[in-house]
file start.tsv (TSV, C-alpha atoms)
chain	number	residue	atom	x	y	z
A	1054	MET	CA	180.10	189.76	145.87
A	1055	ASP	CA	180.01	192.13	148.85
A	1056	LYS	CA	178.05	194.61	146.72
A	1057	TYR	CA	175.24	192.07	146.17
A	1058	ARG	CA	172.71	190.27	148.34
A	1059	LEU	CA	171.07	186.91	147.73
A	1060	VAL	CA	167.38	187.35	147.00
A	1061	GLU	CA	166.37	183.97	145.62
A	1062	GLU	CA	167.71	180.42	145.70
A	1063	LYS	CA	166.03	177.77	143.54
A	1064	PHE	CA	166.65	174.04	143.68
A	1065	ILE	CA	165.60	172.37	140.41
A	1066	ASN	CA	165.09	168.56	140.40
A	1067	ALA	CA	166.02	168.36	144.11
A	1068	GLN	CA	162.80	166.82	145.46
A	1069	GLY	CA	163.59	164.79	148.57
A	1070	PHE	CA	167.17	166.05	148.78
A	1071	ILE	CA	166.41	169.49	150.22
A	1072	ALA	CA	164.20	169.92	153.26
A	1073	ASP	CA	161.02	171.86	152.68
A	1074	ASP	CA	161.94	174.25	155.48
A	1075	LYS	CA	165.54	174.39	154.15
A	1076	ASN	CA	166.83	173.32	157.54
A	1077	VAL	CA	170.07	172.02	156.07
A	1078	GLY	CA	172.31	170.44	158.64
A	1079	SER	CA	169.75	168.26	160.31
A	1080	VAL	CA	168.87	164.67	159.69
A	1081	ARG	CA	165.19	163.99	159.42
A	1082	SER	CA	163.14	161.11	158.20
A	1083	SER	CA	160.53	162.29	155.77
A	1084	SER	CA	156.99	161.30	156.73
A	1085	ALA	CA	155.66	162.54	153.38
A	1086	GLU	CA	157.35	159.63	151.65
A	1087	GLY	CA	156.14	156.92	154.02
A	1088	GLY	CA	158.68	157.71	156.72
A	1089	ASN	CA	161.52	155.72	155.19
A	1090	THR	CA	163.67	158.54	153.76
A	1091	LEU	CA	166.73	159.80	155.61
A	1092	ARG	CA	168.43	162.96	154.32
A	1093	VAL	CA	172.16	162.91	155.05
A	1094	THR	CA	173.81	166.32	155.25
A	1095	GLN	CA	177.42	167.37	155.56
A	1096	GLN	CA	176.92	168.42	159.18
A	1097	ALA	CA	175.09	165.23	160.22
A	1098	LYS	CA	176.76	162.91	162.70
A	1099	PRO	CA	177.23	159.41	161.20
A	1100	ARG	CA	176.36	157.68	164.48
A	1101	SER	CA	172.95	159.38	164.67
A	1102	CYS	CA	172.31	158.65	160.98
A	1103	ILE	CA	173.07	154.97	161.55
A	1104	SER	CA	170.77	154.71	164.56
A	1105	ASP	CA	167.99	156.60	162.72
A	1106	ALA	CA	168.37	154.28	159.73
A	1107	MET	CA	168.29	151.20	162.00
A	1108	SER	CA	165.04	152.37	163.59
A	1109	ILE	CA	163.52	153.04	160.15
A	1110	LEU	CA	164.58	149.56	159.03
A	1111	GLU	CA	162.90	148.02	162.08
A	1112	ARG	CA	159.65	149.81	161.19
A	1113	ASN	CA	159.58	149.64	157.39
A	1114	LYS	CA	162.13	146.96	156.33
A	1115	CYS	CA	163.42	149.56	153.85
A	1116	VAL	CA	165.31	152.87	154.14
A	1117	GLU	CA	166.31	155.46	151.54
A	1118	LEU	CA	169.46	157.48	152.19
A	1119	LYS	CA	169.51	160.72	150.20
A	1120	ALA	CA	172.53	163.01	149.97
A	1121	MET	CA	173.85	165.69	147.70
A	1122	GLY	CA	177.20	167.34	147.10
A	1123	LYS	CA	179.82	166.87	149.78
A	1124	ALA	CA	177.51	164.67	151.88
A	1125	ILE	CA	177.59	161.84	149.32
A	1126	ASN	CA	180.69	160.19	150.79
A	1127	LYS	CA	179.05	160.23	154.24
A	1128	ALA	CA	175.92	158.53	152.86
A	1129	VAL	CA	178.03	155.82	151.19
A	1130	THR	CA	179.92	155.22	154.45
A	1131	ILE	CA	176.66	154.95	156.40
A	1132	ALA	CA	175.25	152.49	153.86
A	1133	GLU	CA	178.39	150.32	154.06
A	1134	ILE	CA	178.27	150.28	157.87
A	1135	LEU	CA	174.60	149.25	157.77
A	1136	LYS	CA	175.34	146.52	155.21
A	1137	HIS	CA	178.03	145.12	157.52
A	1138	LYS	CA	175.57	145.03	160.43
A	1139	MET	CA	172.80	143.11	158.65
A	1140	PRO	CA	172.18	141.53	155.25
A	1141	LEU	CA	170.69	144.30	153.10
A	1142	HIS	CA	169.90	144.56	149.40
A	1143	GLN	CA	171.08	147.87	147.92
A	1144	ILE	CA	170.11	149.97	144.92
A	1145	THR	CA	172.18	153.08	144.19
A	1146	THR	CA	170.90	155.86	141.95
A	1147	LEU	CA	172.85	158.93	140.84
A	1148	SER	CA	171.31	162.14	139.58
A	1149	SER	CA	172.03	165.85	139.56
A	1150	CYS	CA	170.09	168.96	140.47
A	1151	GLU	CA	170.50	172.54	139.42
A	1152	ILE	CA	170.92	175.30	141.96
A	1153	MET	CA	170.17	178.82	140.79
A	1154	ASN	CA	171.06	181.82	142.96
A	1155	VAL	CA	169.79	185.31	142.11
A	1156	TYR	CA	171.68	188.28	143.54
A	1157	GLU	CA	170.51	191.89	143.51
A	1158	PRO	CA	173.00	194.78	143.69
A	1159	LEU	CA	173.20	196.90	146.82
A	1160	GLU	CA	174.45	199.87	144.78
A	1161	GLU	CA	172.76	201.50	141.81
A	1162	GLY	CA	174.18	201.02	138.35
A	1163	LEU	CA	174.99	197.31	138.80
A	1164	ASP	CA	173.06	194.49	137.13
A	1165	ALA	CA	171.46	191.53	138.88
A	1166	VAL	CA	173.62	188.39	138.86
A	1167	VAL	CA	172.30	184.87	138.30
A	1168	ASN	CA	174.57	182.01	139.32
A	1169	GLN	CA	173.72	178.48	138.13
A	1170	HIS	CA	175.55	175.32	139.10
A	1171	TYR	CA	174.87	171.60	139.24
A	1172	VAL	CA	175.25	169.36	142.26
A	1173	SER	CA	175.44	165.56	142.28
A	1174	CYS	CA	172.69	163.73	144.16
A	1175	LEU	CA	172.75	160.15	145.44
A	1176	THR	CA	169.94	157.88	146.57
A	1177	ILE	CA	170.80	154.59	148.27
A	1178	THR	CA	167.88	152.26	148.91
A	1179	LEU	CA	168.55	149.53	151.47
A	1180	SER	CA	166.05	146.73	152.01
A	1181	GLU	CA	165.98	143.67	154.24
A	1182	ASP	CA	164.33	141.57	151.53
A	1183	SER	CA	164.24	141.70	147.75
A	1184	ALA	CA	160.43	141.93	147.57
A	1185	GLY	CA	160.27	145.65	146.69
A	1186	ILE	CA	163.67	145.76	144.96
A	1187	ASP	CA	164.42	145.34	141.26
A	1188	VAL	CA	167.37	142.92	141.30
A	1189	ASN	CA	167.95	143.65	137.59
A	1190	ASP	CA	168.56	147.36	138.23
A	1191	LYS	CA	172.03	148.49	137.15
A	1192	GLY	CA	172.69	149.94	140.62
A	1193	TYR	CA	171.71	146.74	142.48
A	1194	GLN	CA	174.11	145.14	144.97
A	1195	PRO	CA	173.20	141.87	146.71
A	1196	PRO	CA	173.67	141.48	150.48
A	1197	LEU	CA	177.10	140.61	151.81
A	1198	SER	CA	177.83	136.99	152.71
A	1199	TYR	CA	177.21	136.03	156.34
A	1200	GLU	CA	180.98	135.73	156.92
A	1201	GLU	CA	181.41	139.43	156.04
A	1202	ILE	CA	178.66	140.64	158.38
A	1203	HIS	CA	179.63	141.63	161.91
A	1204	GLY	CA	177.54	143.38	164.52
A	1205	GLY	CA	180.06	145.87	165.84
A	1206	ASP	CA	179.66	147.71	169.15
A	1207	ALA	CA	180.07	144.35	170.99
A	1208	LYS	CA	176.73	143.15	169.61
A	1209	SER	CA	176.11	140.09	167.54
A	1210	PRO	CA	175.13	140.63	163.91
A	1211	ILE	CA	171.46	140.89	163.08
A	1212	LEU	CA	170.95	137.79	160.97
A	1213	PRO	CA	167.75	136.05	159.87
A	1214	GLU	CA	166.74	132.94	161.82
A	1215	THR	CA	167.74	130.64	158.94
A	1216	ALA	CA	171.37	131.82	159.07
A	1217	LYS	CA	171.87	131.28	162.83

call {"tool": "encode", "arguments": {"input": "start.tsv", "output": "structure tokens"}}
result
Amino acid sequence: MDKYRLVEEKFINAQGFIADDKNVGSVRSSSAEGGNTLRVTQQAKPRSCISDAMSILERNKCVELKAMGKAINKAVTIAEILKHKMPLHQITTLSSCEIMNVYEPLEEGLDAVVNQHYVSCLTITLSEDSAGIDVNDKGYQPPLSYEEIHGGDAKSPILPETAK
């Protein structure tokens, strides 16, 4: 492909998974969706994702982790760490998006090349209460029992007043 250059890259059905400014590699909470969405990328540091998610949970009582491709395993790990820190309801949703790359030739006589491929996308919604969560959803997971929750980092777990 050294005789071609990328001229266009389209993400189809990737709303919320790709940053509007295509600044892939950063972790940002999206204010357009109420400030509770956290995009997890392959380059993101898990520790910063966890602290960002904790601050979103303090503000909104709900956080959405969105990842695609190779970042999915990192998002699942972050969700599991958060669930072991505090009792959280979880809904997991899988989808896919299409990525279409258009390449133009650098030399005359060659045709333009269009490359299409699909990437898996994952959305994990974590909520402190079940008020905004559909507990009948097929991707629903109830909170862990209080015996399974531990604070980590030499802190006590964040439990509701009724469990203490």

call {"tool": "closest_residue", "arguments": {"input": "start.tsv", "among": "A:Ile1186, A:Ile1177, A:Ile1152, A:Ala1067", "to": "Glu1133 in chain A", "atoms": "all atoms listed in the file"}}
result
A:Ile1177

call {"tool": "residues_around", "arguments": {"input": "start.tsv", "residues": "Val1155 in chain A", "least_positions_apart": "2", "cutoff": "9 Å", "atoms": "all atoms listed in the file", "output": "ChimeraX atom specification"}}
result
/A:1058-1063,1153,1157,1165-1169

call {"tool": "atom_distance", "arguments": {"input": "start.tsv", "atom1": "CA of Ser1148 in chain A", "atom2": "CA of Tyr1193 in chain A"}}
result
15.7 Å

call {"tool": "axis_aligned_box", "arguments": {"input": "start.tsv", "around": "range 1134-1151 of chain A", "padding_each_side": "5 Å", "output": "JSON"}}
result
{"center_x": 174.1, "center_y": 157.0, "center_z": 149.9, "size_x": 18.4, "size_y": 41.0, "size_z": 31.0}

call {"tool": "closest_residue", "arguments": {"input": "start.tsv", "among": "A:Ile1109, A:Cys1102, A:Ala1124, A:Met1054", "to": "Asn1089 in chain A", "atoms": "only C-alpha atoms"}}
result
A:Ile1109

call {"tool": "closest_residue", "arguments": {"input": "start.tsv", "among": "A:Glu1151, A:Asp1105, A:Glu1201, A:Glu1117", "to": "Val1172 in chain A", "atoms": "only C-alpha atoms"}}
result
A:Glu1151

call {"tool": "closest_residue", "arguments": {"input": "start.tsv", "among": "A:Thr1145, A:Gln1194, A:Ser1180, A:Asn1189", "to": "Glu1111 in chain A", "atoms": "all atoms listed in the file"}}
result
A:Ser1180

call {"tool": "residues_around", "arguments": {"input": "start.tsv", "residues": "Ala1128 in chain A", "least_positions_apart": "5", "cutoff": "8 Å", "atoms": "all atoms listed in the file", "output": "NGL selection string"}}
result
:A and (1093 or 1118-1120 or 1177)

call {"tool": "atom_distance", "arguments": {"input": "start.tsv", "atom1": "CA of His1137 in chain A", "atom2": "CA of Ser1101 in chain A"}}
result
16.7 Å

call {"tool": "residues_around", "arguments": {"input": "start.tsv", "residues": "Pro1140 in chain A", "least_positions_apart": "3", "cutoff": "9 Å", "atoms": "all atoms listed in the file", "output": "PyMOL selection string"}}
result
chain A and resi 1135-1137+1180-1182+1195-1199+1202+1211-1213

call {"tool": "write_last_selection", "arguments": {"input": "start.tsv", "atoms": "C-alpha atoms", "output": "mmCIF file, in the frame of the given file"}}
result
data_model
loop_
_atom_site.group_PDB
_atom_site.id
_atom_site.type_symbol
_atom_site.label_atom_id
_atom_site.label_comp_id
_atom_site.auth_asym_id
_atom_site.auth_seq_id
_atom_site.Cartn_x
_atom_site.Cartn_y
_atom_site.Cartn_z
ATOM 1 C CA LEU A 1135 174.600 149.250 157.770
ATOM 2 C CA LYS A 1136 175.340 146.520 155.210
ATOM 3 C CA HIS A 1137 178.030 145.120 157.520
ATOM 4 C CA SER A 1180 166.050 146.730 152.010
ATOM 5 C CA GLU A 1181 165.980 143.670 154.240
ATOM 6 C CA ASP A 1182 164.330 141.570 151.530
ATOM 7 C CA PRO A 1195 173.200 141.870 146.710
ATOM 8 C CA PRO A 1196 173.670 141.480 150.480
ATOM 9 C CA LEU A 1197 177.100 140.610 151.810
ATOM 10 C CA SER A 1198 177.830 136.990 152.710
ATOM 11 C CA TYR A 1199 177.210 136.030 156.340
ATOM 12 C CA ILE A 1202 178.660 140.640 158.380
ATOM 13 C CA ILE A 1211 171.460 140.890 163.080
ATOM 14 C CA LEU A 1212 170.950 137.790 160.970
ATOM 15 C CA PRO A 1213 167.750 136.050 159.870
#

call {"tool": "closest_residue", "arguments": {"input": "start.tsv", "among": "A:Lys1123, A:His1203, A:Phe1070, A:Asp1187", "to": "Gln1096 in chain A", "atoms": "only C-alpha atoms"}}
result
A:Lys1123

call {"tool": "closest_residue", "arguments": {"input": "start.tsv", "among": "A:Ile1134, A:Cys1174, A:Val1129, A:Leu1159", "to": "Leu1147 in chain A", "atoms": "all atoms listed in the file"}}
result
A:Cys1174

call {"tool": "atom_distance", "arguments": {"input": "start.tsv", "atom1": "CA of Glu1160 in chain A", "atom2": "CA of Tyr1057 in chain A"}}
result
8.0 Å

call {"tool": "residues_around", "arguments": {"input": "start.tsv", "residues": "Ile1131 in chain A", "least_positions_apart": "4", "cutoff": "7 Å", "atoms": "only C-alpha atoms", "output": "ChimeraX atom specification"}}
result
/A:1099,1103,1127,1135
